[in-house]
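Participant: run.cif is reproduced below (mmCIF, C-alpha atoms).
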data_target
loop_
_atom_site.label_atom_id
_atom_site.label_comp_id
_atom_site.auth_asym_id
_atom_site.auth_seq_id
_atom_site.Cartn_x
_atom_site.Cartn_y
_atom_site.Cartn_z
CA MET A 1 -18.56 -6.68 42.55
CA GLY A 2 -18.37 -2.98 43.31
CA THR A 3 -21.40 -2.67 45.57
CA ILE A 4 -21.62 -1.80 49.22
CA SER A 5 -23.02 -4.24 51.75
CA PRO A 6 -26.83 -4.29 52.04
CA LYS A 7 -26.53 -3.63 55.78
CA THR A 8 -26.07 0.07 54.95
CA HIS A 9 -29.56 0.29 53.43
CA LEU A 10 -32.12 2.54 55.07
CA PRO A 11 -35.33 1.22 56.65
CA GLY A 12 -38.48 1.35 54.47
CA THR A 13 -39.90 4.76 55.40
CA GLN A 14 -36.49 6.37 55.11
CA HIS A 15 -36.17 4.82 51.63
CA LEU A 16 -39.32 6.64 50.57
CA ALA A 17 -38.23 9.93 52.15
CA ALA A 18 -34.81 9.71 50.48
CA PHE A 19 -36.45 8.98 47.13
CA LEU A 20 -38.81 11.94 47.52
CA VAL A 21 -35.90 14.24 48.37
CA SER A 22 -34.02 13.01 45.29
CA LEU A 23 -37.10 13.62 43.17
CA VAL A 24 -37.73 17.08 44.64
CA VAL A 25 -34.12 18.11 43.99
CA VAL A 26 -34.35 17.30 40.27
CA ILE A 27 -37.80 18.93 40.09
CA ILE A 28 -36.30 22.11 41.54
CA VAL A 29 -33.42 22.01 39.04
CA ALA A 30 -35.88 21.40 36.20
CA ALA A 31 -38.19 24.19 37.39
CA LEU A 32 -35.36 26.70 37.76
CA GLY A 33 -34.07 25.74 34.33
CA GLY A 34 -37.60 26.14 32.99
CA ILE A 35 -37.92 29.61 34.50
CA ALA A 36 -34.60 30.62 32.95
CA SER A 37 -35.78 29.39 29.57
CA ALA A 38 -39.48 30.33 29.79
CA ASP A 39 -39.46 31.99 26.38
CA ALA A 40 -36.91 29.52 25.01
CA ALA A 41 -39.10 27.90 22.38
CA ALA A 42 -39.71 31.18 20.57
CA GLU A 43 -36.08 32.31 20.91
CA TYR A 44 -34.69 28.89 20.01
CA GLY A 45 -36.84 28.81 16.88
CA LYS A 46 -35.38 32.13 15.71
CA LEU A 47 -31.78 30.95 15.97
CA ALA A 48 -29.91 29.51 13.00
CA GLN A 49 -29.72 25.77 13.67
CA PRO A 50 -28.19 22.73 12.06
CA GLY A 51 -30.53 20.55 10.01
CA TRP A 52 -30.33 17.80 12.61
CA ALA A 53 -31.62 19.99 15.47
CA PRO A 54 -34.74 18.54 17.09
CA PRO A 55 -37.92 20.63 17.35
CA SER A 56 -38.23 22.65 20.55
CA TYR A 57 -41.33 20.75 21.73
CA LEU A 58 -39.22 17.61 22.11
CA PHE A 59 -36.98 18.99 24.87
CA GLY A 60 -39.58 19.07 27.67
CA PRO A 61 -40.64 15.41 27.45
CA VAL A 62 -37.05 14.21 26.98
CA TRP A 63 -35.78 16.17 29.97
CA SER A 64 -38.70 15.01 32.12
CA GLY A 65 -37.76 11.39 31.51
CA LEU A 66 -34.07 12.06 32.03
CA TYR A 67 -34.65 13.89 35.31
CA LEU A 68 -36.77 11.00 36.58
CA LEU A 69 -34.00 8.53 35.73
CA MET A 70 -31.45 10.80 37.41
CA ALA A 71 -33.55 11.01 40.59
CA VAL A 72 -33.94 7.24 40.82
CA ALA A 73 -30.25 6.65 40.06
CA ALA A 74 -29.12 9.13 42.72
CA TRP A 75 -31.51 7.56 45.22
CA LEU A 76 -30.11 4.10 44.52
CA VAL A 77 -26.58 5.33 45.17
CA TRP A 78 -27.61 7.44 48.17
CA ARG A 79 -29.18 4.51 49.95
CA GLU A 80 -25.98 2.48 49.62
CA GLY A 81 -24.12 4.99 51.82
CA PRO A 82 -22.11 6.78 52.95
CA ARG A 83 -24.43 9.68 52.35
CA TRP A 84 -22.86 13.14 52.08
CA THR A 85 -19.25 11.98 51.94
CA ASN A 86 -19.85 9.56 49.08
CA PRO A 87 -17.75 10.74 46.09
CA ALA A 88 -20.52 9.54 43.76
CA ILE A 89 -23.09 11.76 45.47
CA ILE A 90 -20.67 14.71 45.47
CA ALA A 91 -20.04 14.25 41.73
CA TYR A 92 -23.79 13.97 41.17
CA GLY A 93 -24.35 17.26 43.00
CA LEU A 94 -21.64 18.97 40.95
CA GLN A 95 -23.08 17.79 37.65
CA LEU A 96 -26.54 18.84 38.78
CA ALA A 97 -25.23 22.36 39.50
CA LEU A 98 -23.60 22.53 36.06
CA ASN A 99 -26.85 21.29 34.54
CA LEU A 100 -28.76 24.02 36.36
CA LEU A 101 -26.37 26.70 35.15
CA TRP A 102 -26.71 25.86 31.45
CA SER A 103 -30.26 27.16 30.77
CA PRO A 104 -29.71 30.64 32.23
CA LEU A 105 -26.46 30.94 30.30
CA PHE A 106 -27.81 29.71 26.97
CA PHE A 107 -31.34 31.10 27.04
CA GLY A 108 -31.64 33.67 29.82
CA LEU A 109 -28.42 35.57 29.11
CA GLY A 110 -27.83 34.43 25.54
CA TRP A 111 -24.21 33.60 26.40
CA ARG A 112 -24.03 30.56 24.15
CA GLY A 113 -20.21 30.41 24.18
CA LEU A 114 -20.12 30.33 27.98
CA ALA A 115 -22.98 27.83 27.92
CA LEU A 116 -20.77 25.67 25.70
CA VAL A 117 -17.97 25.80 28.29
CA ASP A 118 -20.50 24.86 30.96
CA ILE A 119 -21.88 21.91 29.00
CA VAL A 120 -18.40 20.56 28.25
CA LEU A 121 -17.69 20.68 31.99
CA LEU A 122 -21.07 18.97 32.48
CA ASP A 123 -20.03 16.21 30.07
CA VAL A 124 -16.89 15.58 32.14
CA ALA A 125 -18.82 15.72 35.42
CA VAL A 126 -21.44 13.26 34.19
CA ALA A 127 -18.74 10.89 32.91
CA ALA A 128 -17.12 11.02 36.36
CA THR A 129 -20.51 10.53 38.03
CA LEU A 130 -21.19 7.51 35.83
CA ALA A 131 -17.85 5.95 36.74
CA LEU A 132 -18.43 6.57 40.44
CA PHE A 133 -22.02 5.32 40.30
CA TRP A 134 -20.74 2.16 38.56
CA LYS A 135 -18.57 1.39 41.60
CA VAL A 136 -21.52 1.76 43.98
CA HIS A 137 -24.61 0.60 42.06
CA ARG A 138 -24.37 -0.54 38.45
CA THR A 139 -28.06 -0.18 37.71
CA ALA A 140 -27.87 3.45 38.81
CA ALA A 141 -24.95 4.01 36.43
CA VAL A 142 -26.85 2.43 33.55
CA MET A 143 -29.80 4.71 34.33
CA LEU A 144 -27.54 7.73 33.70
CA LEU A 145 -26.51 6.55 30.22
CA PRO A 146 -29.47 8.16 28.38
CA TYR A 147 -28.71 11.44 30.18
CA PHE A 148 -25.05 11.22 29.20
CA ALA A 149 -25.97 10.50 25.58
CA TRP A 150 -28.43 13.41 25.54
CA ILE A 151 -25.99 15.95 26.95
CA LEU A 152 -23.32 14.84 24.49
CA PHE A 153 -25.86 15.47 21.75
CA ALA A 154 -26.76 18.79 23.41
CA THR A 155 -23.08 19.73 23.47
CA ALA A 156 -22.83 19.24 19.72
CA LEU A 157 -26.07 21.20 19.28
CA ASN A 158 -24.86 24.00 21.58
CA TYR A 159 -21.64 24.25 19.58
CA SER A 160 -23.52 24.30 16.27
CA VAL A 161 -26.02 26.94 17.38
CA TRP A 162 -23.25 29.06 18.88
CA SER A 163 -21.10 28.86 15.75
CA LEU A 164 -24.03 29.50 13.39
CA ASN A 165 -25.18 32.55 15.37
CA SER A 166 -21.85 34.15 16.28
#
Would it be possible to restate this file's structure as structure tokens?

Facilitator:
Amino acid sequence: MGTISPKTHLPGTQHLAAFLVSLVVVIIVAALGGIASADAAAEYGKLAQPGWAPPSYLFGPVWSGLYLLMAVAAWLVWREGPRWTNPAIIAYGLQLALNLLWSPLFFGLGWRGLALVDIVLLDVAVAATLALFWKVHRTAAVMLLPYFAWILFATALNYSVWSLNS
């Protein structure tokens, strides 16, 4: 069925510690992205945007929910084992790094074309992560679907903003 034997699960207190680490990692990524885009709302509002672009106040709540889902999904896969050598966890780490890179590129440096390259790579990395999560823990993979949908939308938005402001 594509899952690993329950015997690899961690004992109760280690479950909680692993979950907290997963949560802290996405909080750090979110915080660093937030620092890179601290003045993003004002700057984003000044850019030419497609008519279907959401208002800037929507991004914070959406990303908060997505990061929580990502943390839980990663934790579910992590606890199945193996830990650091698990291709699903490695792919998750890669996509998280690409996610982290996007805000400084798009907002901090204003390099929207390079941010577009980054987010396309992120799309591929998340698709790979989803496929690998599916093999380990299907619920975890399903939890990444809203994130995948959002970044695909963000890719289209990044392209539109870049092309309208080039």

Participant: Which of these, A:Ala154, A:Leu145, A:Leu76, A:Ala17, has the shortest distance to A:Phe59 once you count all atoms listed in the file?

Facilitator: A:Ala154

Participant: Using the chain letters and residue numbers of this document, give as a PyMOL selection string the residues selected by the PyMOL selection byres ((chain A and resi 158) around 12).

Facilitator: chain A and resi 44+47-50+53+102-103+105-107+110-120+150-157+159-166

Participant: Would you translate the PyMOL selection byres ((chain A and resi 63-71) around 8) into the concrete set of residues it matches in this file, as a ChimeraX atom specification?

Facilitator: /A:19,22-23,25-27,30,59-62,72-75,143-144,146-147

Participant: Quick check on the file I pasted: which residues fall under the PyMOL selection byres ((chain A and resi 97) around 12)? Write them as a PyMOL selection string.

Facilitator: chain A and resi 25-26+28-30+32-33+90-96+98-104+118-119+121-122+125-126

Participant: Could you dump the residues just selected with C-alpha atoms as a short mmCIF file (atom, residue, chain, number, x, y, z; two decimals), in the frame of the given file?

Facilitator:
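part_23.cif, freshly written:
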data_model
loop_
_atom_site.label_atom_id
_atom_site.label_comp_id
_atom_site.auth_asym_id
_atom_site.auth_seq_id
_atom_site.Cartn_x
_atom_site.Cartn_y
_atom_site.Cartn_z
CA VAL A 25 -34.12 18.11 43.99
CA VAL A 26 -34.35 17.30 40.27
CA ILE A 28 -36.30 22.11 41.54
CA VAL A 29 -33.42 22.01 39.04
CA ALA A 30 -35.88 21.40 36.20
CA LEU A 32 -35.36 26.70 37.76
CA GLY A 33 -34.07 25.74 34.33
CA ILE A 90 -20.67 14.71 45.47
CA ALA A 91 -20.04 14.25 41.73
CA TYR A 92 -23.79 13.97 41.17
CA GLY A 93 -24.35 17.26 43.00
CA LEU A 94 -21.64 18.97 40.95
CA GLN A 95 -23.08 17.79 37.65
CA LEU A 96 -26.54 18.84 38.78
CA LEU A 98 -23.60 22.53 36.06
CA ASN A 99 -26.85 21.29 34.54
CA LEU A 100 -28.76 24.02 36.36
CA LEU A 101 -26.37 26.70 35.15
CA TRP A 102 -26.71 25.86 31.45
CA SER A 103 -30.26 27.16 30.77
CA PRO A 104 -29.71 30.64 32.23
CA ASP A 118 -20.50 24.86 30.96
CA ILE A 119 -21.88 21.91 29.00
CA LEU A 121 -17.69 20.68 31.99
CA LEU A 122 -21.07 18.97 32.48
CA ALA A 125 -18.82 15.72 35.42
CA VAL A 126 -21.44 13.26 34.19
#

Participant: Tell me, in Å to one decimal, how far atom CA of A:Ser37 is from atom CA of A:Pro54.

Facilitator: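 These atoms are spaced 16.6 Å apart.
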
Participant: May I ask which of the residues A:Ala131, A:Leu109, A:Ala18, A:Val24 is the closest one to A:Ala36, counting only C-alpha atoms?

Facilitator: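 Residue with the minimum atom-to-atom distance to A:Ala36: A:Leu109.
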
Participant: Within 9 Å of (-19.5, 6.2, 41.0), in the coordinates the file gives, what residues turn up when you count only C-alpha atoms, written out as an MDAnalysis selection string?

Facilitator: chainID A and resid 77 86:89 91:92 128:138 141

Participant: Please compute the atom CA of A:Thr85-atom CA of A:Val21 distance, one decimal, in Å.

Facilitator: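 Interatomic distance here is 17.2 Å.
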
Participant: Identify which of the residues A:Tyr57, A:Trp78, A:Ile35, A:Lys46 lies closest to A:Leu16, counting only C-alpha atoms when measuring atom-to-atom distances.

Facilitator: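 Ranked by minimum distance to A:Leu16, first place goes to A:Trp78.
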